[in-house]
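Shown next: my_file07.cif, containing mmCIF, N, CA and C atoms and all ligand atoms.
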```
data_run
#
loop_
_atom_site.label_atom_id
_atom_site.label_comp_id
_atom_site.auth_asym_id
_atom_site.auth_seq_id
_atom_site.Cartn_x
_atom_site.Cartn_y
_atom_site.Cartn_z
N MET A 1 85.38 148.80 97.35
CA MET A 1 85.93 150.13 97.66
C MET A 1 87.43 150.16 97.43
N LEU A 2 87.88 151.23 96.87
CA LEU A 2 89.32 151.41 96.66
C LEU A 2 89.91 152.23 97.78
N LEU A 3 91.06 151.82 98.21
CA LEU A 3 91.76 152.61 99.21
C LEU A 3 92.79 153.47 98.50
N ALA A 4 92.85 154.70 98.87
CA ALA A 4 93.86 155.59 98.30
C ALA A 4 95.25 155.08 98.68
N PRO A 5 96.14 155.07 97.72
CA PRO A 5 97.50 154.61 98.06
C PRO A 5 98.15 155.54 99.06
N LEU A 6 98.87 154.96 99.96
CA LEU A 6 99.55 155.77 100.97
C LEU A 6 100.86 156.29 100.42
N ALA A 7 101.13 157.51 100.68
CA ALA A 7 102.42 158.09 100.30
C ALA A 7 103.41 157.80 101.43
N LEU A 8 104.32 156.96 101.14
CA LEU A 8 105.28 156.56 102.17
C LEU A 8 106.61 157.24 101.91
N VAL A 9 107.20 157.71 102.96
CA VAL A 9 108.52 158.29 102.87
C VAL A 9 109.52 157.22 103.31
N ALA A 10 110.41 156.90 102.41
CA ALA A 10 111.40 155.88 102.76
C ALA A 10 112.39 156.46 103.76
N ALA A 11 112.52 155.80 104.86
CA ALA A 11 113.47 156.24 105.88
C ALA A 11 114.67 155.32 105.83
N CYS A 12 115.66 155.72 105.07
CA CYS A 12 116.85 154.89 105.02
C CYS A 12 117.86 155.48 105.97
N GLY A 13 118.38 154.72 106.84
CA GLY A 13 119.22 155.25 107.90
C GLY A 13 120.63 155.60 107.47
N GLY A 14 120.84 155.79 106.17
CA GLY A 14 122.21 155.97 105.69
C GLY A 14 122.84 157.30 106.01
N GLY A 15 122.04 158.30 106.34
CA GLY A 15 122.61 159.62 106.50
C GLY A 15 122.94 160.01 107.92
N ASP A 16 123.06 159.05 108.78
CA ASP A 16 123.30 159.36 110.19
C ASP A 16 124.64 160.07 110.37
N LYS A 17 124.56 161.30 110.84
CA LYS A 17 125.78 162.07 111.06
C LYS A 17 126.09 162.18 112.55
N GLY A 18 125.52 161.31 113.33
CA GLY A 18 125.87 161.27 114.74
C GLY A 18 124.97 162.11 115.62
N THR A 19 123.96 162.73 115.04
CA THR A 19 123.02 163.48 115.88
C THR A 19 121.69 162.75 115.88
N GLN A 20 121.00 162.83 116.99
CA GLN A 20 119.71 162.18 117.09
C GLN A 20 118.62 163.15 116.68
N GLU A 21 117.60 162.61 116.05
CA GLU A 21 116.44 163.42 115.72
C GLU A 21 115.78 163.90 117.01
N PRO A 22 115.40 165.16 117.08
CA PRO A 22 114.65 165.59 118.26
C PRO A 22 113.26 164.96 118.25
N PRO A 23 112.63 164.87 119.41
CA PRO A 23 111.26 164.35 119.41
C PRO A 23 110.37 165.22 118.55
N SER A 24 109.36 164.60 117.96
CA SER A 24 108.50 165.34 117.03
C SER A 24 107.56 166.28 117.76
N THR A 25 107.34 166.04 119.03
CA THR A 25 106.49 166.94 119.79
C THR A 25 107.28 167.47 120.98
N THR A 26 106.89 168.60 121.45
CA THR A 26 107.59 169.23 122.56
C THR A 26 106.90 168.86 123.87
N ALA A 27 107.67 168.27 124.75
CA ALA A 27 107.11 167.92 126.05
C ALA A 27 107.13 169.16 126.94
N VAL A 28 106.07 169.34 127.69
CA VAL A 28 105.96 170.48 128.59
C VAL A 28 105.67 169.98 130.00
N LEU A 29 105.81 170.87 130.96
CA LEU A 29 105.55 170.49 132.36
C LEU A 29 104.12 170.78 132.79
N VAL A 30 103.45 171.65 132.05
CA VAL A 30 102.05 171.92 132.35
C VAL A 30 101.30 172.03 131.04
N ASP A 31 100.19 171.33 130.94
CA ASP A 31 99.34 171.47 129.77
C ASP A 31 97.89 171.40 130.22
N THR A 32 97.01 171.75 129.31
CA THR A 32 95.60 171.90 129.68
C THR A 32 94.72 171.09 128.73
N LEU A 33 93.74 170.44 129.29
CA LEU A 33 92.68 169.81 128.49
C LEU A 33 91.35 170.47 128.87
N PHE A 34 90.68 170.98 127.86
CA PHE A 34 89.35 171.53 128.07
C PHE A 34 88.32 170.48 127.67
N THR A 35 87.13 170.57 128.25
CA THR A 35 86.03 169.75 127.78
C THR A 35 85.22 170.55 126.77
N PHE A 36 85.13 170.00 125.56
CA PHE A 36 84.14 170.48 124.63
C PHE A 36 82.90 169.65 124.93
N PRO A 37 81.76 169.95 124.29
CA PRO A 37 80.55 169.26 124.74
C PRO A 37 80.71 167.75 124.90
N SER A 38 81.35 167.08 123.95
CA SER A 38 81.49 165.63 124.13
C SER A 38 82.85 165.15 123.65
N GLN A 39 83.86 166.00 123.74
CA GLN A 39 85.23 165.57 123.44
C GLN A 39 86.23 166.43 124.19
N TRP A 40 87.47 165.95 124.24
CA TRP A 40 88.54 166.73 124.84
C TRP A 40 89.08 167.72 123.81
N SER A 41 89.71 168.76 124.27
CA SER A 41 90.19 169.80 123.37
C SER A 41 91.38 169.37 122.54
N SER A 42 92.05 168.29 122.93
CA SER A 42 93.19 167.80 122.16
C SER A 42 93.20 166.28 122.20
N PRO A 43 93.60 165.64 121.10
CA PRO A 43 93.64 164.17 121.11
C PRO A 43 94.85 163.63 121.86
N GLN A 44 95.87 164.47 122.07
CA GLN A 44 97.08 163.97 122.72
C GLN A 44 97.87 165.12 123.31
N LEU A 45 98.39 164.91 124.50
CA LEU A 45 99.32 165.85 125.11
C LEU A 45 100.64 165.12 125.34
N THR A 46 101.75 165.85 125.25
CA THR A 46 103.04 165.27 125.58
C THR A 46 103.60 166.04 126.77
N LEU A 47 103.83 165.29 127.84
CA LEU A 47 104.16 165.90 129.13
C LEU A 47 105.48 165.34 129.62
N LYS A 48 106.28 166.20 130.25
CA LYS A 48 107.47 165.69 130.93
C LYS A 48 107.04 164.99 132.22
N ALA A 49 107.76 163.94 132.57
CA ALA A 49 107.46 163.23 133.80
C ALA A 49 107.48 164.20 134.98
N GLY A 50 106.48 164.09 135.82
CA GLY A 50 106.33 165.01 136.94
C GLY A 50 105.49 166.22 136.59
N GLY A 51 105.08 166.31 135.34
CA GLY A 51 104.27 167.44 134.90
C GLY A 51 102.80 167.27 135.28
N THR A 52 102.08 168.35 135.03
CA THR A 52 100.69 168.44 135.46
C THR A 52 99.79 168.71 134.27
N VAL A 53 98.66 168.03 134.24
CA VAL A 53 97.60 168.38 133.30
C VAL A 53 96.49 169.07 134.08
N VAL A 54 96.11 170.24 133.58
CA VAL A 54 95.01 171.00 134.16
C VAL A 54 93.75 170.66 133.36
N PHE A 55 92.81 170.02 134.01
CA PHE A 55 91.56 169.64 133.36
C PHE A 55 90.53 170.74 133.64
N MET A 56 90.07 171.38 132.58
CA MET A 56 89.10 172.46 132.69
C MET A 56 87.73 171.90 132.31
N PHE A 57 86.93 171.62 133.31
CA PHE A 57 85.59 171.07 133.08
C PHE A 57 84.63 172.24 132.91
N GLU A 58 84.16 172.40 131.69
CA GLU A 58 83.40 173.60 131.33
C GLU A 58 82.06 173.25 130.71
N GLY A 59 81.25 174.28 130.55
CA GLY A 59 80.05 174.18 129.74
C GLY A 59 78.84 173.60 130.44
N GLY A 60 78.93 173.42 131.76
CA GLY A 60 77.76 172.95 132.48
C GLY A 60 77.40 171.50 132.24
N ILE A 61 78.35 170.75 131.66
CA ILE A 61 78.10 169.34 131.37
C ILE A 61 79.06 168.51 132.22
N ALA A 62 78.54 167.47 132.85
CA ALA A 62 79.39 166.62 133.68
C ALA A 62 80.27 165.73 132.79
N HIS A 63 81.54 165.69 133.13
CA HIS A 63 82.49 164.76 132.52
C HIS A 63 83.30 164.12 133.64
N ASN A 64 83.82 162.93 133.35
CA ASN A 64 84.80 162.35 134.25
C ASN A 64 86.07 162.07 133.46
N ALA A 65 87.07 161.55 134.12
CA ALA A 65 88.28 161.14 133.42
C ALA A 65 88.88 159.95 134.17
N ILE A 66 88.94 158.84 133.46
CA ILE A 66 89.69 157.71 133.98
C ILE A 66 90.88 157.50 133.05
N PHE A 67 91.97 156.98 133.59
CA PHE A 67 93.21 156.95 132.83
C PHE A 67 93.49 155.55 132.30
N ARG A 68 92.48 154.98 131.69
CA ARG A 68 92.57 153.69 131.01
C ARG A 68 91.39 153.62 130.06
N LEU A 69 91.51 152.77 129.03
CA LEU A 69 90.44 152.72 128.03
C LEU A 69 89.24 151.93 128.53
N ASN A 70 89.50 150.87 129.27
CA ASN A 70 88.41 150.00 129.70
C ASN A 70 88.12 150.24 131.18
N PRO A 71 86.94 150.77 131.49
CA PRO A 71 86.63 151.05 132.90
C PRO A 71 86.70 149.82 133.78
N GLY A 72 86.56 148.64 133.18
CA GLY A 72 86.61 147.43 133.97
C GLY A 72 88.01 146.99 134.34
N ASN A 73 89.00 147.60 133.70
CA ASN A 73 90.38 147.24 134.01
C ASN A 73 90.87 148.02 135.22
N PRO A 74 91.85 147.44 135.93
CA PRO A 74 92.44 148.19 137.04
C PRO A 74 93.24 149.37 136.50
N PRO A 75 93.49 150.37 137.33
CA PRO A 75 94.30 151.52 136.88
C PRO A 75 95.66 151.06 136.38
N LEU A 76 96.17 151.78 135.38
CA LEU A 76 97.53 151.52 134.88
C LEU A 76 98.53 151.92 135.96
N ALA A 77 99.63 151.18 136.02
CA ALA A 77 100.69 151.54 136.96
C ALA A 77 101.19 152.95 136.67
N GLY A 78 101.26 153.75 137.69
CA GLY A 78 101.77 155.11 137.53
C GLY A 78 100.73 156.13 137.11
N ALA A 79 99.50 155.68 136.87
CA ALA A 79 98.45 156.64 136.48
C ALA A 79 98.00 157.44 137.70
N PRO A 80 97.61 158.70 137.48
CA PRO A 80 97.05 159.46 138.61
C PRO A 80 95.66 158.94 138.96
N ALA A 81 95.12 159.48 140.04
CA ALA A 81 93.79 159.07 140.49
C ALA A 81 92.73 159.51 139.47
N ASP A 82 91.75 158.65 139.28
CA ASP A 82 90.63 158.99 138.40
C ASP A 82 89.94 160.28 138.88
N ILE A 83 89.34 160.97 137.93
CA ILE A 83 88.56 162.18 138.26
C ILE A 83 87.09 161.81 138.18
N PRO A 84 86.36 161.93 139.28
CA PRO A 84 84.93 161.60 139.24
C PRO A 84 84.16 162.63 138.43
N PRO A 85 82.88 162.34 138.13
CA PRO A 85 82.09 163.30 137.36
C PRO A 85 82.18 164.71 137.96
N THR A 86 82.48 165.67 137.09
CA THR A 86 82.80 167.03 137.53
C THR A 86 82.13 168.01 136.58
N VAL A 87 81.60 169.09 137.13
CA VAL A 87 80.95 170.13 136.33
C VAL A 87 81.57 171.48 136.69
N ASN A 88 81.96 172.23 135.68
CA ASN A 88 82.40 173.61 135.88
C ASN A 88 83.42 173.74 137.02
N ALA A 89 84.52 173.01 136.88
CA ALA A 89 85.57 173.09 137.89
C ALA A 89 86.90 172.78 137.22
N VAL A 90 87.96 173.11 137.92
CA VAL A 90 89.31 172.86 137.44
C VAL A 90 89.93 171.79 138.34
N VAL A 91 90.46 170.75 137.71
CA VAL A 91 91.08 169.65 138.46
C VAL A 91 92.47 169.42 137.88
N ARG A 92 93.45 169.28 138.74
CA ARG A 92 94.83 169.05 138.28
C ARG A 92 95.24 167.63 138.63
N ARG A 93 95.98 167.04 137.71
CA ARG A 93 96.54 165.72 137.97
C ARG A 93 98.00 165.72 137.54
N THR A 94 98.85 165.15 138.39
CA THR A 94 100.27 165.05 138.10
C THR A 94 100.59 163.66 137.56
N PHE A 95 101.40 163.65 136.50
CA PHE A 95 101.81 162.40 135.87
C PHE A 95 103.30 162.20 136.16
N ALA A 96 103.58 161.35 137.13
CA ALA A 96 104.96 161.18 137.59
C ALA A 96 105.70 160.08 136.83
N THR A 97 104.97 159.26 136.12
CA THR A 97 105.54 158.04 135.55
C THR A 97 105.54 158.09 134.04
N VAL A 98 106.65 157.74 133.44
CA VAL A 98 106.76 157.68 131.98
C VAL A 98 105.81 156.61 131.44
N GLY A 99 105.10 156.95 130.38
CA GLY A 99 104.18 156.00 129.77
C GLY A 99 103.11 156.74 129.00
N THR A 100 102.17 156.00 128.46
CA THR A 100 101.05 156.58 127.73
C THR A 100 99.77 156.26 128.48
N PHE A 101 99.06 157.31 128.84
CA PHE A 101 97.87 157.16 129.68
C PHE A 101 96.65 157.70 128.95
N PRO A 102 95.70 156.83 128.60
CA PRO A 102 94.46 157.33 128.01
C PRO A 102 93.74 158.24 129.00
N VAL A 103 93.02 159.19 128.46
CA VAL A 103 92.14 160.06 129.26
C VAL A 103 90.74 159.81 128.73
N ASN A 104 89.95 159.08 129.48
CA ASN A 104 88.70 158.53 128.98
C ASN A 104 87.54 159.05 129.82
N CYS A 105 86.67 159.83 129.18
CA CYS A 105 85.42 160.22 129.84
C CYS A 105 84.39 159.14 129.53
N THR A 106 84.00 158.40 130.56
CA THR A 106 83.09 157.28 130.32
C THR A 106 81.64 157.73 130.18
N ILE A 107 81.39 159.01 130.44
CA ILE A 107 80.03 159.53 130.27
C ILE A 107 79.73 159.72 128.78
N HIS A 108 80.76 160.04 128.01
CA HIS A 108 80.60 160.29 126.58
C HIS A 108 81.43 159.30 125.79
N PRO A 109 80.80 158.28 125.23
CA PRO A 109 81.56 157.27 124.48
C PRO A 109 82.41 157.93 123.38
N GLY A 110 83.67 157.54 123.32
CA GLY A 110 84.57 158.08 122.32
C GLY A 110 85.28 159.35 122.76
N MET A 111 84.95 159.85 123.93
CA MET A 111 85.63 161.06 124.43
C MET A 111 86.94 160.61 125.09
N VAL A 112 87.95 160.47 124.24
CA VAL A 112 89.22 159.91 124.69
C VAL A 112 90.35 160.78 124.19
N SER A 113 91.26 161.09 125.05
CA SER A 113 92.51 161.72 124.69
C SER A 113 93.61 160.84 125.27
N GLU A 114 94.86 161.28 125.16
CA GLU A 114 95.90 160.54 125.87
C GLU A 114 97.02 161.48 126.26
N VAL A 115 97.63 161.12 127.37
CA VAL A 115 98.78 161.87 127.86
C VAL A 115 100.01 160.98 127.69
N VAL A 116 100.94 161.45 126.88
CA VAL A 116 102.20 160.73 126.69
C VAL A 116 103.23 161.38 127.60
N VAL A 117 103.72 160.62 128.56
CA VAL A 117 104.66 161.14 129.54
C VAL A 117 106.06 160.66 129.17
N VAL A 118 106.96 161.62 128.98
CA VAL A 118 108.32 161.31 128.55
C VAL A 118 109.31 161.75 129.64
N PRO A 119 110.52 161.18 129.62
CA PRO A 119 111.50 161.55 130.66
C PRO A 119 111.87 163.03 130.62
CU CU B 1 82.54 163.71 128.80
#
```
Could you show the structure in this file as structure tokens?
Amino acid sequence: MLLAPLALVAACGGGDKGTQEPPSTTAVLVDTLFTFPSQWSSPQLTLKAGGTVVFMFEGGIAHNAIFRLNPGNPPLAGAPADIPPTVNAVVRRTFATVGTFPVNCTIHPGMVSEVVVVP
């Protein structure tokens, strides 16, 4: 099998005029994740520290959310409390700690998003 060549953009740092590039995504204080039948509505959210994710559990299907990829691992430092299996309800979780937190529904393999928490 042939792999398509990647188009790479050379990033040469020669043009620095003393300003920093803004972040590529906009961090917000409130964002929403909906449940589609077996996936989250977005693969990634960028949240300001102290912000809230509103989890909209819809469609009559039970989903949960744990904030780590491996259910056997202990919770990540700074992660909010896991959300137990939930049907047709709204659950909010606050992310107070900077870091990257997977959002993993263990009922549906591969139903993973992540919350990137920035200062
Ligand atoms: Cu699910």
**Report entry** Distance query 8 Å from (100.6, 158.8, 129.3) using only N, CA and C atoms, result as a ChimeraX atom specification
**Finding:** /A:45-47,79,95,97-103,114-118
Based on the selection just made, write N, CA and C atoms of those residues as a tab-separated table (two decimals), in the coordinates of the input.
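Final file, result27.tsv:
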```tsv
chain	number	residue	atom	x	y	z
A	45	LEU	N	98.39	164.91	124.50
A	45	LEU	CA	99.32	165.85	125.11
A	45	LEU	C	100.64	165.12	125.34
A	46	THR	N	101.75	165.85	125.25
A	46	THR	CA	103.04	165.27	125.58
A	46	THR	C	103.60	166.04	126.77
A	47	LEU	N	103.83	165.29	127.84
A	47	LEU	CA	104.16	165.90	129.13
A	47	LEU	C	105.48	165.34	129.62
A	79	ALA	N	99.50	155.68	136.87
A	79	ALA	CA	98.45	156.64	136.48
A	79	ALA	C	98.00	157.44	137.70
A	95	PHE	N	101.40	163.65	136.50
A	95	PHE	CA	101.81	162.40	135.87
A	95	PHE	C	103.30	162.20	136.16
A	97	THR	N	104.97	159.26	136.12
A	97	THR	CA	105.54	158.04	135.55
A	97	THR	C	105.54	158.09	134.04
A	98	VAL	N	106.65	157.74	133.44
A	98	VAL	CA	106.76	157.68	131.98
A	98	VAL	C	105.81	156.61	131.44
A	99	GLY	N	105.10	156.95	130.38
A	99	GLY	CA	104.18	156.00	129.77
A	99	GLY	C	103.11	156.74	129.00
A	100	THR	N	102.17	156.00	128.46
A	100	THR	CA	101.05	156.58	127.73
A	100	THR	C	99.77	156.26	128.48
A	101	PHE	N	99.06	157.31	128.84
A	101	PHE	CA	97.87	157.16	129.68
A	101	PHE	C	96.65	157.70	128.95
A	102	PRO	N	95.70	156.83	128.60
A	102	PRO	CA	94.46	157.33	128.01
A	102	PRO	C	93.74	158.24	129.00
A	103	VAL	N	93.02	159.19	128.46
A	103	VAL	CA	92.14	160.06	129.26
A	103	VAL	C	90.74	159.81	128.73
A	114	GLU	N	94.86	161.28	125.16
A	114	GLU	CA	95.90	160.54	125.87
A	114	GLU	C	97.02	161.48	126.26
A	115	VAL	N	97.63	161.12	127.37
A	115	VAL	CA	98.78	161.87	127.86
A	115	VAL	C	100.01	160.98	127.69
A	116	VAL	N	100.94	161.45	126.88
A	116	VAL	CA	102.20	160.73	126.69
A	116	VAL	C	103.23	161.38	127.60
A	117	VAL	N	103.72	160.62	128.56
A	117	VAL	CA	104.66	161.14	129.54
A	117	VAL	C	106.06	160.66	129.17
A	118	VAL	N	106.96	161.62	128.98
A	118	VAL	CA	108.32	161.31	128.55
A	118	VAL	C	109.31	161.75	129.64
```
Report task. Write out as a VMD selection string each polymer residue (protein, DNA or RNA) that has an atom no more than 6 Å from ligand CU 1 (chain B), with only N, CA and C atoms and all ligand atoms counted. Result -> chain A and resid 37 to 39 62 to 64 105 to 108 111
Query raised in the report: Near Val91 (chain A), within 6 Å and counting only N, CA and C atoms, which residues show up once chain neighbours fewer than 2 positions away are dropped, as a ChimeraX atom specification?
Result: /A:53-57,89,93
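One finds CA of Pro85 (chain A) at 6.2 Å from atom N of Ala65 (chain A).
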Report task. Rank A:Ala77, A:Gln44, A:Val90, A:Thr26 by their smallest atom-to-atom distance to Asn104 (chain A), using only C-alpha atoms, and report the top residue only. Result ->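 Of A:Ala77, A:Gln44, A:Val90, A:Thr26, the one nearest Asn104 (chain A), counting only C-alpha atoms, is A:Gln44.
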Report task. Find the distance between atom C of Asn88 (chain A) and atom N of Glu58 (chain A) and write it in Å to one decimal. Result ->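 Atom-to-atom, atom C of Asn88 (chain A) and atom N of Glu58 (chain A) are spaced 5.5 Å apart.
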Query raised in the report: Do you have the CA of Thr32 (chain A)-CA of Asn73 (chain A) distance handy?
Result: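 According to the coordinates, CA of Thr32 (chain A) and CA of Asn73 (chain A) are separated by 25.6 Å.
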**Report entry** Counting only C-alpha atoms, the residue of A:Leu69, A:Val28, A:Ala81, A:Leu76 that sits nearest Thr94 (chain A)
**Finding:** A:Ala81
Query raised in the report: Taking into account only N, CA and C atoms, which residue in the set A:Gly51, A:Pro80, A:Pro119, A:Pro109 is nearest to Phe67 (chain A)?
Result: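 Closest residue, counting only N, CA and C atoms: A:Pro80.
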